file work_0.cif (mmCIF, C-alpha atoms)
data_run
loop_
_atom_site.label_atom_id
_atom_site.label_comp_id
_atom_site.auth_asym_id
_atom_site.auth_seq_id
_atom_site.Cartn_x
_atom_site.Cartn_y
_atom_site.Cartn_z
CA MET X 1 3.25 38.86 -2.47
CA ILE X 2 0.82 40.95 -0.43
CA LEU X 3 -1.76 40.53 -3.19
CA ILE X 4 -1.45 36.73 -3.07
CA ASP X 5 -1.57 36.75 0.74
CA SER X 6 -4.73 38.82 0.84
CA LEU X 7 -6.35 36.72 -1.90
CA ALA X 8 -5.59 33.59 0.15
CA ALA X 9 -6.96 35.21 3.31
CA LEU X 10 -10.10 36.22 1.41
CA ALA X 11 -10.61 32.68 0.06
CA ILE X 12 -10.10 31.09 3.51
CA LEU X 13 -12.47 33.59 5.15
CA ALA X 14 -15.12 32.97 2.50
CA GLY X 15 -14.64 29.21 3.02
CA ALA X 16 -15.11 29.61 6.77
CA GLY X 17 -18.29 31.59 5.99
CA PHE X 18 -19.68 28.67 3.98
CA PHE X 19 -18.86 26.26 6.81
CA MET X 20 -20.68 28.58 9.21
CA ALA X 21 -23.71 28.69 6.90
CA GLY X 22 -23.70 24.92 6.59
CA THR X 23 -23.55 24.52 10.38
CA ILE X 24 -26.42 26.96 10.93
CA GLY X 25 -28.39 25.01 8.33
CA LEU X 26 -27.64 21.76 10.13
CA LEU X 27 -28.92 23.22 13.39
CA ARG X 28 -31.93 25.12 12.07
CA PHE X 29 -33.42 23.14 9.16
CA PRO X 30 -36.47 21.02 9.90
CA ASP X 31 -35.72 17.51 8.57
CA THR X 32 -32.88 15.15 7.64
CA PHE X 33 -32.94 15.91 3.91
CA CYS X 34 -32.81 19.70 4.31
CA ARG X 35 -30.01 19.38 6.81
CA LEU X 36 -27.97 17.10 4.53
CA HIS X 37 -28.55 19.55 1.72
CA ALA X 38 -27.19 22.45 3.77
CA LEU X 39 -24.29 20.48 5.18
CA THR X 40 -22.79 18.80 2.11
CA LYS X 41 -23.24 21.66 -0.36
CA ALA X 42 -21.94 24.39 1.94
CA ASP X 43 -19.09 22.30 3.33
CA GLY X 44 -17.94 21.11 -0.11
CA LEU X 45 -17.68 24.68 -1.34
CA GLY X 46 -16.22 25.90 1.96
CA LEU X 47 -13.48 23.28 1.86
CA ALA X 48 -12.79 24.11 -1.81
CA LEU X 49 -12.26 27.77 -0.89
CA ILE X 50 -10.06 26.92 2.11
CA CYS X 51 -7.97 24.55 -0.03
CA LEU X 52 -7.72 27.27 -2.68
CA GLY X 53 -6.46 29.73 -0.07
CA ALA X 54 -3.96 27.18 1.28
CA ALA X 55 -2.82 26.34 -2.25
CA LEU X 56 -2.09 30.04 -2.91
CA LEU X 57 0.19 29.98 0.15
CA ALA X 58 1.71 26.56 -0.66
CA GLY X 59 5.45 26.38 -1.23
CA SER X 60 5.63 23.65 -3.85
CA ALA X 61 3.65 21.95 -6.60
CA GLY X 62 3.55 18.75 -4.51
CA GLU X 63 1.70 20.53 -1.71
CA ILE X 64 -0.86 21.90 -4.18
CA VAL X 65 -1.45 18.41 -5.63
CA ARG X 66 -1.97 17.05 -2.10
CA LEU X 67 -4.44 19.84 -1.26
CA VAL X 68 -6.43 19.10 -4.42
CA LEU X 69 -6.45 15.36 -3.61
CA ILE X 70 -7.58 16.06 -0.03
CA TRP X 71 -10.43 18.25 -1.29
CA LEU X 72 -11.43 15.67 -3.90
CA PHE X 73 -11.56 12.76 -1.45
CA VAL X 74 -13.33 14.69 1.31
CA VAL X 75 -15.99 15.90 -1.14
CA LEU X 76 -16.39 12.39 -2.58
CA SER X 77 -16.82 10.81 0.84
CA ALA X 78 -19.10 13.61 2.08
CA ALA X 79 -21.36 13.20 -0.94
CA THR X 80 -21.44 9.42 -0.54
CA CYS X 81 -22.14 9.67 3.20
CA ALA X 82 -24.95 12.15 2.56
CA HIS X 83 -26.41 9.79 -0.04
CA LEU X 84 -26.26 6.83 2.38
CA VAL X 85 -27.83 8.83 5.23
CA ALA X 86 -30.59 10.06 2.90
CA ARG X 87 -31.27 6.51 1.64
CA HIS X 88 -31.51 5.28 5.21
CA ALA X 89 -33.80 8.14 6.23
CA ARG X 90 -36.07 7.48 3.24
CA ALA X 91 -36.24 3.76 3.96
CA ASP X 92 -37.02 4.54 7.60
CA ALA X 93 -39.80 6.94 6.63
CA ALA X 94 -41.27 4.38 4.20
CA ALA X 95 -41.19 1.68 6.89
CA ALA X 96 -42.89 4.02 9.38
CA ARG X 97 -45.60 4.85 6.79
CA ASN X 98 -46.20 1.16 6.11
CA THR X 99 -46.66 0.33 9.79
CA ALA X 100 -49.01 3.31 10.13
CA VAL X 101 -51.08 2.04 7.19
CA THR X 102 -51.26 -1.49 8.55
CA LYS X 103 -52.37 -0.18 11.92
CA GLU X 104 -55.13 1.95 10.34
CA THR X 105 -56.46 -0.84 8.11
CA ARG X 106 -56.43 -3.35 10.94
CA PRO X 107 -60.04 -4.02 12.01
CA MET I 1 -4.00 42.37 22.42
CA ILE I 2 -4.31 38.63 22.90
CA ASP I 3 -2.69 36.46 20.29
CA ALA I 4 -5.40 35.01 18.04
CA LEU I 5 -3.90 31.51 18.39
CA VAL I 6 -4.07 31.68 22.20
CA LEU I 7 -7.76 32.52 21.84
CA PHE I 8 -8.17 29.57 19.46
CA ASP I 9 -6.38 27.24 21.91
CA LEU I 10 -8.61 28.42 24.75
CA VAL I 11 -11.78 27.78 22.73
CA LEU I 12 -10.41 24.38 21.67
CA ALA I 13 -9.55 23.39 25.26
CA LEU I 14 -12.99 24.45 26.51
CA ALA I 15 -14.67 22.56 23.66
CA ILE I 16 -12.71 19.39 24.50
CA ILE I 17 -13.68 19.60 28.17
CA GLY I 18 -17.30 20.35 27.24
CA ILE I 19 -17.61 17.45 24.83
CA ALA I 20 -15.91 15.12 27.35
CA ALA I 21 -18.52 16.14 29.91
CA GLY I 22 -21.16 15.52 27.24
CA VAL I 23 -19.95 11.96 26.71
CA LEU I 24 -20.33 11.29 30.44
CA ILE I 25 -23.65 13.09 30.95
CA LEU I 26 -25.58 11.91 27.88
CA ARG I 27 -27.87 8.92 28.39
CA ASP I 28 -28.38 7.92 24.74
CA ALA I 29 -25.65 5.48 23.66
CA PHE I 30 -25.63 6.67 20.04
CA ALA I 31 -25.25 10.33 21.08
CA MET I 32 -22.46 9.31 23.44
CA ILE I 33 -20.56 7.62 20.61
CA VAL I 34 -21.01 10.62 18.32
CA CYS I 35 -19.71 12.89 21.10
CA PHE I 36 -16.77 10.54 21.68
CA VAL I 37 -15.84 10.71 17.98
CA ILE I 38 -16.03 14.52 18.05
CA PHE I 39 -13.92 14.44 21.22
CA GLY I 40 -11.29 12.40 19.33
CA LEU I 41 -11.26 14.79 16.39
CA LEU I 42 -10.86 17.82 18.68
CA SER I 43 -8.07 16.03 20.56
CA ALA I 44 -6.31 15.37 17.26
CA LEU I 45 -6.57 19.11 16.54
CA ALA I 46 -5.12 19.81 20.00
CA TRP I 47 -2.18 17.49 19.27
CA VAL I 48 -1.55 19.42 16.05
CA ARG I 49 -1.51 22.66 18.09
CA LEU I 50 0.99 21.00 20.47
CA ALA I 51 3.24 20.35 17.43
CA ALA I 52 2.78 16.58 17.70
CA PRO I 53 1.47 15.58 14.25
CA ASP I 54 2.38 11.91 14.84
CA VAL I 55 0.10 11.66 17.85
CA ALA I 56 -2.57 13.65 15.98
CA LEU I 57 -2.50 11.17 13.11
CA ALA I 58 -2.71 8.19 15.47
CA GLU I 59 -5.53 9.81 17.47
CA ALA I 60 -7.52 10.61 14.32
CA ALA I 61 -6.99 7.22 12.67
CA ILE I 62 -7.15 4.80 15.62
CA GLY I 63 -8.60 6.78 18.54
CA THR I 64 -11.40 8.27 16.45
CA GLY I 65 -11.87 6.34 13.21
CA VAL I 66 -11.38 2.71 14.18
CA THR I 67 -12.59 3.10 17.79
CA GLY I 68 -15.72 4.94 16.59
CA ALA I 69 -16.45 2.12 14.16
CA LEU I 70 -15.90 -0.47 16.93
CA LEU I 71 -18.29 1.40 19.27
CA LEU I 72 -20.99 1.72 16.58
CA LYS I 73 -20.64 -1.96 15.73
CA THR I 74 -21.04 -2.82 19.42
CA LEU I 75 -24.13 -0.61 19.60
CA ALA I 76 -25.63 -2.40 16.59
CA HIS I 77 -24.83 -5.70 18.32
CA LEU I 78 -26.69 -4.55 21.44
CA ARG I 79 -29.65 -3.04 19.57
CA GLY I 80 -32.96 -4.56 20.49
CA ARG I 81 -31.66 -5.63 23.88
CA THR I 82 -32.00 -3.38 26.87
CA LEU I 83 -28.75 -2.49 28.56
CA SER I 84 -28.59 -4.05 31.97
CA PRO I 85 -28.72 -1.37 34.65
CA PRO I 86 -25.25 -0.55 36.00
CA LEU I 87 -24.21 -2.70 38.90
CA ARG I 88 -24.45 -0.62 42.09
CA VAL I 89 -21.85 -1.61 44.61
CA LYS I 90 -22.16 -0.06 48.02
CA GLY I 91 -19.47 2.58 48.44
CA GLY I 92 -18.40 2.08 44.83
CA LEU I 93 -18.86 5.74 44.09
CA VAL I 94 -16.55 6.72 46.95
CA VAL I 95 -13.85 4.25 45.85
CA ASN I 96 -14.13 5.45 42.23
CA ALA I 97 -13.93 9.09 43.27
CA ALA I 98 -10.91 8.38 45.48
CA LEU I 99 -9.06 6.57 42.68
CA CYS I 100 -9.87 9.35 40.17
CA ALA I 101 -8.68 11.95 42.70
CA LEU I 102 -5.45 9.98 43.17
CA VAL I 103 -4.76 9.93 39.41
CA THR I 104 -5.59 13.64 39.12
CA LEU I 105 -3.31 14.47 42.06
CA ALA I 106 -0.50 12.40 40.55
CA GLY I 107 -0.97 14.29 37.27
CA ILE I 108 -0.81 17.64 39.06
CA GLY I 109 2.28 16.47 40.96
CA VAL I 110 4.08 15.43 37.76
CA PHE I 111 3.10 18.73 36.14
CA LEU I 112 4.45 20.75 39.06
CA ALA I 113 7.60 18.64 39.44
CA THR I 114 8.59 19.04 35.77
CA PRO I 115 11.05 21.91 35.39
CA ILE I 116 9.51 24.68 33.29
CA GLY I 117 11.17 24.98 29.91
CA GLY I 118 13.42 22.01 30.71
CA ALA I 119 15.31 20.36 27.89
CA GLY I 120 13.46 17.03 28.16
CA LEU I 121 14.83 14.15 26.11
CA GLU I 122 14.66 16.06 22.84
CA GLY I 123 18.38 16.88 22.82
CA LEU I 124 19.37 13.31 23.57
CA VAL I 125 17.23 12.03 20.68
CA ALA I 126 18.62 14.66 18.30
CA GLN I 127 22.20 13.71 19.29
CA ASN I 128 21.67 10.04 18.55
CA LEU I 129 19.33 10.40 15.57
CA ALA I 130 22.11 9.63 13.08
CA ALA I 131 22.70 6.25 14.73
CA SER I 132 19.01 5.24 14.63
CA GLY I 133 18.83 4.56 10.90
CA VAL I 134 15.83 6.85 10.31
CA ALA I 135 15.58 10.63 9.93
CA HIS I 136 12.32 11.20 11.83
CA PRO I 137 12.86 11.50 15.61
CA VAL I 138 9.47 9.98 16.56
CA THR I 139 10.08 6.87 14.45
CA ALA I 140 13.62 6.66 15.85
CA VAL I 141 12.20 6.60 19.40
CA LEU I 142 9.34 4.19 18.60
CA LEU I 143 11.25 1.66 16.52
CA ASN I 144 14.77 1.97 17.89
CA PHE I 145 15.42 3.77 21.19
CA ARG I 146 12.21 2.55 22.88
CA ALA I 147 11.39 -0.35 20.56
CA PHE I 148 10.47 -2.58 23.50
CA ASP I 149 7.48 -0.35 24.36
CA THR I 150 6.30 -0.50 20.76
CA LEU I 151 6.62 -4.28 20.74
CA MET I 152 4.40 -4.39 23.83
CA GLU I 153 1.80 -2.19 22.08
CA VAL I 154 1.66 -4.69 19.23
CA VAL I 155 1.32 -7.49 21.80
CA VAL I 156 -1.65 -5.66 23.37
CA LEU I 157 -3.48 -5.75 20.02
CA LEU I 158 -2.66 -9.42 19.62
CA VAL I 159 -4.01 -10.18 23.10
CA ALA I 160 -7.18 -8.23 22.26
CA VAL I 161 -7.92 -10.29 19.17
CA VAL I 162 -7.15 -13.53 21.02
CA ALA I 163 -9.65 -12.48 23.73
CA VAL I 164 -12.34 -11.58 21.18
CA TRP I 165 -11.91 -14.84 19.29
CA SER I 166 -12.14 -16.78 22.55
CA MET I 167 -15.42 -15.11 23.55
CA GLU I 168 -17.44 -14.85 20.35
CA ARG I 169 -17.71 -17.34 17.53
CA GLY I 170 -19.93 -17.87 14.56
CA ILE I 171 -20.47 -16.80 10.99
CA ALA I 172 -22.43 -13.64 10.21
CA ARG I 173 -25.68 -14.74 8.59
CA ALA I 174 -27.38 -11.34 8.40
CA PRO I 175 -27.98 -10.31 4.78
CA ALA I 176 -25.49 -7.88 3.29
CA PRO I 177 -26.71 -4.29 3.65
CA VAL I 178 -27.80 -2.74 0.35
CA MET I 179 -25.54 0.26 -0.13
CA GLY I 180 -26.53 1.25 -3.66
CA GLU I 181 -24.62 2.20 -6.77
CA VAL I 182 -23.31 5.50 -5.45
CA TYR I 183 -21.47 3.68 -2.69
CA ALA I 184 -20.20 1.01 -5.12
CA GLY I 185 -18.65 3.69 -7.33
CA PHE I 186 -17.20 5.43 -4.30
CA ALA I 187 -15.64 2.19 -3.04
CA ARG I 188 -14.15 1.42 -6.46
CA LEU I 189 -12.45 4.80 -6.47
CA VAL I 190 -11.50 5.20 -2.82
CA LEU I 191 -10.43 1.73 -1.65
CA PRO I 192 -7.36 1.49 -3.94
CA ALA I 193 -6.47 5.08 -3.03
CA ALA I 194 -6.77 4.25 0.69
CA VAL I 195 -4.40 1.30 0.24
CA ILE I 196 -1.88 3.67 -1.36
CA VAL I 197 -2.34 6.20 1.48
CA GLY I 198 -1.74 3.46 4.09
CA ALA I 199 1.45 2.32 2.35
CA TYR I 200 2.54 5.95 1.95
CA LEU I 201 2.04 6.65 5.68
CA LEU I 202 4.15 3.60 6.49
CA TRP I 203 6.93 4.60 4.06
CA ILE I 204 7.00 8.30 4.96
CA GLY I 205 7.35 7.35 8.66
CA ALA I 206 11.13 7.12 8.22
CA ILE I 207 11.46 10.84 7.47
CA ALA I 208 8.19 12.55 8.49
CA PRO I 209 5.09 11.99 10.67
CA GLY I 210 3.55 8.61 9.87
CA GLY I 211 4.40 5.02 10.63
CA ALA I 212 3.09 1.53 11.30
CA PHE I 213 0.12 2.37 13.53
CA GLN I 214 -1.19 5.20 11.33
CA GLY I 215 -0.69 3.22 8.11
CA GLY I 216 -2.20 0.13 9.73
CA ALA I 217 -5.29 2.06 10.81
CA VAL I 218 -5.89 3.32 7.27
CA LEU I 219 -5.51 -0.20 5.88
CA ALA I 220 -7.84 -1.45 8.64
CA ALA I 221 -10.43 1.07 7.40
CA VAL I 222 -10.23 -0.59 3.98
CA GLY I 223 -10.84 -3.94 5.72
CA LEU I 224 -13.80 -2.46 7.60
CA MET I 225 -15.42 -1.30 4.36
CA LEU I 226 -14.89 -4.72 2.77
CA LEU I 227 -16.46 -6.36 5.85
CA ILE I 228 -19.43 -3.97 6.04
CA THR I 229 -20.40 -4.53 2.41
CA ARG I 230 -19.61 -8.27 2.64
CA ALA I 231 -17.17 -7.89 -0.24
CA TYR I 232 -15.14 -10.14 2.04
CA THR I 233 -16.72 -12.62 4.43
CA PRO I 234 -14.44 -14.38 6.93
CA LEU I 235 -14.84 -18.13 6.61
CA PRO I 236 -13.62 -20.99 8.84
CA ALA I 237 -11.06 -21.92 6.19
CA HIS I 238 -9.39 -18.52 6.49
CA ARG I 239 -8.60 -18.90 10.20
CA GLY I 240 -5.14 -20.38 9.73
CA ALA I 241 -3.98 -17.58 7.47
CA ALA I 242 -5.62 -14.99 9.75
CA ARG I 243 -3.80 -16.37 12.81
CA ILE I 244 -0.47 -16.17 10.98
CA VAL I 245 -1.16 -12.54 9.96
CA PHE I 246 -2.17 -11.59 13.53
CA VAL I 247 1.00 -13.08 15.01
CA ILE I 248 3.57 -12.29 12.32
CA GLY I 249 4.08 -8.64 13.37
CA THR I 250 4.87 -9.50 16.98
CA ALA I 251 6.86 -12.59 15.98
CA LEU I 252 9.05 -10.85 13.41
CA PHE I 253 9.61 -7.82 15.67
CA ALA I 254 10.71 -10.04 18.58
CA ALA I 255 12.77 -12.30 16.31
CA VAL I 256 14.71 -9.36 14.85
CA ALA I 257 15.24 -7.89 18.33
CA LEU I 258 16.71 -11.19 19.56
CA PHE I 259 18.59 -11.95 16.35
CA VAL I 260 20.60 -8.69 16.43
CA ALA I 261 21.69 -9.45 20.00
CA GLN I 262 24.97 -11.09 19.09
CA GLY I 263 28.56 -10.00 18.64
CA GLY I 264 28.47 -7.80 21.71
CA ARG I 265 25.19 -6.02 20.86
CA ALA I 266 22.20 -5.87 23.17
CA THR I 267 18.63 -6.85 22.28
CA PHE I 268 17.01 -4.28 19.92
CA GLU I 269 20.47 -2.89 19.09
CA TYR I 270 20.28 -2.95 15.30
CA PRO I 271 23.65 -2.90 13.49
CA ALA I 272 23.98 0.67 12.21
CA ALA I 273 24.53 -0.35 8.59
CA HIS I 274 21.22 -2.24 8.41
CA ALA I 275 19.16 -0.20 10.90
CA LYS I 276 16.98 1.50 8.29
CA SER I 277 16.17 -1.68 6.35
CA LEU I 278 15.45 -3.60 9.56
CA ILE I 279 13.16 -0.84 10.86
CA LEU I 280 11.30 -0.63 7.56
CA ILE I 281 10.85 -4.42 7.36
CA ILE I 282 9.57 -4.54 10.96
CA GLU I 283 7.22 -1.60 10.34
CA ALA I 284 5.88 -3.08 7.10
CA VAL I 285 5.04 -6.44 8.69
CA VAL I 286 3.69 -4.81 11.87
CA THR I 287 1.47 -2.57 9.70
CA ILE I 288 -0.10 -5.61 8.05
CA SER I 289 -0.61 -7.28 11.44
CA ILE I 290 -2.18 -4.13 12.91
CA ALA I 291 -4.50 -3.69 9.92
CA ALA I 292 -5.67 -7.32 10.03
CA THR I 293 -6.05 -7.28 13.82
CA LEU I 294 -8.12 -4.08 13.88
CA ALA I 295 -10.35 -5.38 11.09
CA ALA I 296 -10.77 -8.69 12.97
CA LEU I 297 -11.69 -6.79 16.15
CA PHE I 298 -14.36 -4.99 14.11
CA HIS I 299 -15.69 -8.28 12.79
CA GLY I 300 -15.73 -9.31 16.42
CA ARG I 301 -15.91 -13.10 16.29
CA GLU I 302 -14.00 -16.16 15.24
CA PRO I 303 -15.52 -17.43 12.01
CA VAL I 304 -16.52 -20.92 13.09
CA ALA I 305 -19.65 -22.76 12.07
CA VAL I 306 -21.38 -23.29 15.43
CA SER I 307 -23.99 -26.01 15.79
CA VAL I 308 -27.61 -25.01 16.32
CA ARG I 309 -27.61 -26.39 19.85
CA GLU I 310 -24.59 -24.30 20.77
CA THR I 311 -26.24 -21.16 19.37
CA ARG I 312 -29.38 -21.73 21.39
CA ALA I 313 -27.51 -22.34 24.61
#
call {"tool": "encode", "arguments": {"input": "work_0.cif", "output": "structure tokens"}}
result
Amino acid sequence: MILIDSLAALAILAGAGFFMAGTIGLLRFPDTFCRLHALTKADGLGLALICLGAALLAGSAGEIVRLVLIWLFVVLSAATCAHLVARHARADAAAARNTAVTKETRP
Amino acid sequence: MIDALVLFDLVLALAIIGIAAGVLILRDAFAMIVCFVIFGLLSALAWVRLAAPDVALAEAAIGTGVTGALLLKTLAHLRGRTLSPPLRVKGGLVVNAALCALVTLAGIGVFLATPIGGAGLEGLVAQNLAASGVAHPVTAVLLNFRAFDTLMEVVVLLVAVVAVWSMERGIARAPAPVMGEVYAGFARLVLPAAVIVGAYLLWIGAIAPGGAFQGGAVLAAVGLMLLITRAYTPLPAHRGAARIVFVIGTALFAAVALFVAQGGRATFEYPAAHAKSLILIIEAVVTISIAATLAALFHGREPVAVSVRETRA
């Protein structure tokens, strides 16, 4: 029992560490794409570890299934959100470049 | 040695106050909305710490999710126009400050007047839970003991959508945003699952945290996604059906409340044998009404073809 408890604590702590790393990345990285990279990767893994720790402590199979589903849907939506934000940022950058070019070529 | 959870609560409380101050101090509307959403999420966490998962669910789903979407939609609506400078009324600041002080003082007064560690109404609810027809005390209070309050909450939503439809009309002509294949795959997978989660929240409300408002908010989120991607576009022909869906929750709730008031029973006094079925039927219909109403509020206008002259005016 103590072994399982400490394994769960270890997994949750490691997960919190990944969240921390992701947050530092979000605050410190220079542009949108780097920040997204730090945020989604680190948070996906962090949440997986926290869910793993919680699953080790879970009382029933139903709880474990729910934890897995929660992780799956959060990761799916985080990845999709990151993709949408990145698309938007890229389109914005392209639009800004185009206006810059038109301004330069204007006589 | 301070309990680790007390430390956590302290940090949480300070964070909530800090972010609330941020919402008020910030000058950029988008940053304000982001702060407001974070404020909602932290409040939901605080409700969990106060052992009120029902309120936490409602705060996260309606107070944060749907309200955040409504605020962002409003911001998009205002984009390109400059916000008119706030109207300065002479002495307005003093009146505002006085009213805020009054509310704060009343809050302090209520806090001080409440007996510490008093029993509250918990015992009364627990005593009568068996007669309510449901096993979850919060649902018993919302749909049975204080059903009138809940009916009024549903009416508030109905009034809101009536007001929005009276003020703004027209059909969205902006091209559908291109979301890409990743989003399409995501929507295919998540939308059906979200419908199941909404129905599950409604069903589980009888025995555990959940219920009509939480389930309705999740279903409204499905509606929001359909509206954003133009998978569904409200058309003038749909108005009749939409009006029926908006009203049916309030109408059925009120009808049941009045219908049971016979044979010596008062309004809202469900016969014990049918209490659970009646509550579930009311909740199911109210859920659909709430979902449709919230989605309509997000859409923000009555879908009517307005003439060119009317648009220009």
call {"tool": "interface_residues", "arguments": {"input": "work_0.cif", "of": "chain X", "to": "chain I", "cutoff": "10 Å", "atoms": "only C-alpha atoms", "output": "PyMOL selection string"}}
result
chain X and resi 73+76-77+79-81+83-84+87-88
call {"tool": "resolve_selection", "arguments": {"input": "work_0.cif", "expression": "the PyMOL selection byres ((chain X and resi 15) around 6)", "output": "number ranges by chain"}}
result
X: 12-14, 16-18, 46, 49-50
call {"tool": "resolve_selection", "arguments": {"input": "work_0.cif", "expression": "the PyMOL selection byres ((chain X and resi 35) around 12)", "output": "NGL selection string"}}
result
:X and (21-34 or 36-43 or 82 or 85-86 or 89)
call {"tool": "residues_near_point", "arguments": {"input": "work_0.cif", "point": "(9.8, -7.6, 24.9)", "cutoff": "12 Å", "atoms": "all atoms listed in the file", "output": "PyMOL selection string"}}
result
chain I and resi 146-156+250-258+267-268
call {"tool": "residues_near_point", "arguments": {"input": "work_0.cif", "point": "(-4.4, -18.4, 9.7)", "cutoff": "12 Å", "atoms": "all atoms listed in the file", "output": "number ranges by chain"}}
result
I: 234-248, 289, 292-293, 302-303
call {"tool": "atom_distance", "arguments": {"input": "work_0.cif", "atom1": "CA of Arg66 in chain X", "atom2": "CA of Ile204 in chain I"}}
result
14.4 Å
call {"tool": "residues_around", "arguments": {"input": "work_0.cif", "residues": "range 50-65 of chain I", "least_positions_apart": "3", "cutoff": "8 Å", "atoms": "only C-alpha atoms", "output": "JSON, numbers by chain"}}
result
{"I": [36, 37, 38, 40, 41, 43, 44, 45, 46, 47, 68, 69, 138, 209, 210, 213, 214, 217, 218, 221]}
call {"tool": "residues_around", "arguments": {"input": "work_0.cif", "residues": "Ile282 in chain I", "least_positions_apart": "4", "cutoff": "9 Å", "atoms": "all atoms listed in the file", "output": "list in words"}}
result
Leu143, Ala212, Gly249, Leu252, Phe253, Val256, Ser277, Leu278, Val286 and Thr287 of chain I
call {"tool": "atom_distance", "arguments": {"input": "work_0.cif", "atom1": "CA of Val23 in chain I", "atom2": "CA of Leu42 in chain I"}}
result
13.5 Å
call {"tool": "resolve_selection", "arguments": {"input": "work_0.cif", "expression": "the PyMOL selection byres ((chain I and resi 19) around 8)", "output": "count of residues only"}}
result
12
call {"tool": "atom_distance", "arguments": {"input": "work_0.cif", "atom1": "CA of Ile290 in chain I", "atom2": "CA of Gly216 in chain I"}}
result
5.3 Å
call {"tool": "closest_residue", "arguments": {"input": "work_0.cif", "among": "X:Cys51, X:Ala9, X:Ile2, X:Ala96", "to": "Val68 in chain X", "atoms": "all atoms listed in the file"}}
result
X:Cys51
call {"tool": "residues_around", "arguments": {"input": "work_0.cif", "residues": "Ala58 in chain X", "least_positions_apart": "6", "cutoff": "12 Å", "atoms": "all atoms listed in the file", "output": "count of residues only"}}
result
10
call {"tool": "residues_around", "arguments": {"input": "work_0.cif", "residues": "Leu3 in chain X", "least_positions_apart": "6", "cutoff": "12 Å", "atoms": "only C-alpha atoms", "output": "NGL selection string"}}
result
:X and (9-10 or 56-57)
call {"tool": "decode", "arguments": {"input": "work_0.cif", "residues": "range 22-58 of chain X", "atoms": "C-alpha atoms", "output": "PDB file, in the first residue's frame"}}
result
ATOM      1  CA  GLY X  22       5.468  24.417 -19.422  1.00  0.00           C
ATOM      2  CA  THR X  23       4.477  27.583 -17.553  1.00  0.00           C
ATOM      3  CA  ILE X  24       8.067  28.847 -17.443  1.00  0.00           C
ATOM      4  CA  GLY X  25       8.285  28.157 -21.173  1.00  0.00           C
ATOM      5  CA  LEU X  26       5.081  30.103 -21.755  1.00  0.00           C
ATOM      6  CA  LEU X  27       6.489  33.074 -19.873  1.00  0.00           C
ATOM      7  CA  ARG X  28      10.061  32.996 -21.175  1.00  0.00           C
ATOM      8  CA  PHE X  29       9.984  31.810 -24.811  1.00  0.00           C
ATOM      9  CA  PRO X  30      10.243  34.479 -27.491  1.00  0.00           C
ATOM     10  CA  ASP X  31       7.333  33.881 -29.910  1.00  0.00           C
ATOM     11  CA  THR X  32       3.882  32.298 -30.188  1.00  0.00           C
ATOM     12  CA  PHE X  33       5.075  29.041 -31.754  1.00  0.00           C
ATOM     13  CA  CYS X  34       7.772  28.349 -29.146  1.00  0.00           C
ATOM     14  CA  ARG X  35       5.337  29.120 -26.365  1.00  0.00           C
ATOM     15  CA  LEU X  36       2.675  26.792 -27.795  1.00  0.00           C
ATOM     16  CA  HIS X  37       5.320  24.119 -28.135  1.00  0.00           C
ATOM     17  CA  ALA X  38       6.302  24.420 -24.471  1.00  0.00           C
ATOM     18  CA  LEU X  39       2.737  24.658 -23.231  1.00  0.00           C
ATOM     19  CA  THR X  40       0.996  21.784 -25.025  1.00  0.00           C
ATOM     20  CA  LYS X  41       3.813  19.235 -24.854  1.00  0.00           C
ATOM     21  CA  ALA X  42       4.663  19.810 -21.194  1.00  0.00           C
ATOM     22  CA  ASP X  43       1.041  20.080 -20.069  1.00  0.00           C
ATOM     23  CA  GLY X  44      -0.051  16.950 -21.959  1.00  0.00           C
ATOM     24  CA  LEU X  45       2.653  14.898 -20.292  1.00  0.00           C
ATOM     25  CA  GLY X  46       2.117  16.609 -16.920  1.00  0.00           C
ATOM     26  CA  LEU X  47      -1.596  15.833 -16.982  1.00  0.00           C
ATOM     27  CA  ALA X  48      -0.850  12.228 -18.028  1.00  0.00           C
ATOM     28  CA  LEU X  49       1.416  11.808 -14.992  1.00  0.00           C
ATOM     29  CA  ILE X  50      -1.102  13.422 -12.622  1.00  0.00           C
ATOM     30  CA  CYS X  51      -3.896  11.206 -13.994  1.00  0.00           C
ATOM     31  CA  LEU X  52      -1.598   8.189 -13.601  1.00  0.00           C
ATOM     32  CA  GLY X  53      -0.978   9.118  -9.965  1.00  0.00           C
ATOM     33  CA  ALA X  54      -4.702   9.643  -9.351  1.00  0.00           C
ATOM     34  CA  ALA X  55      -5.515   6.355 -11.086  1.00  0.00           C
ATOM     35  CA  LEU X  56      -3.111   4.516  -8.747  1.00  0.00           C
ATOM     36  CA  LEU X  57      -5.098   5.936  -5.814  1.00  0.00           C
ATOM     37  CA  ALA X  58      -8.512   5.373  -7.451  1.00  0.00           C
TER      38      ALA X  58
END
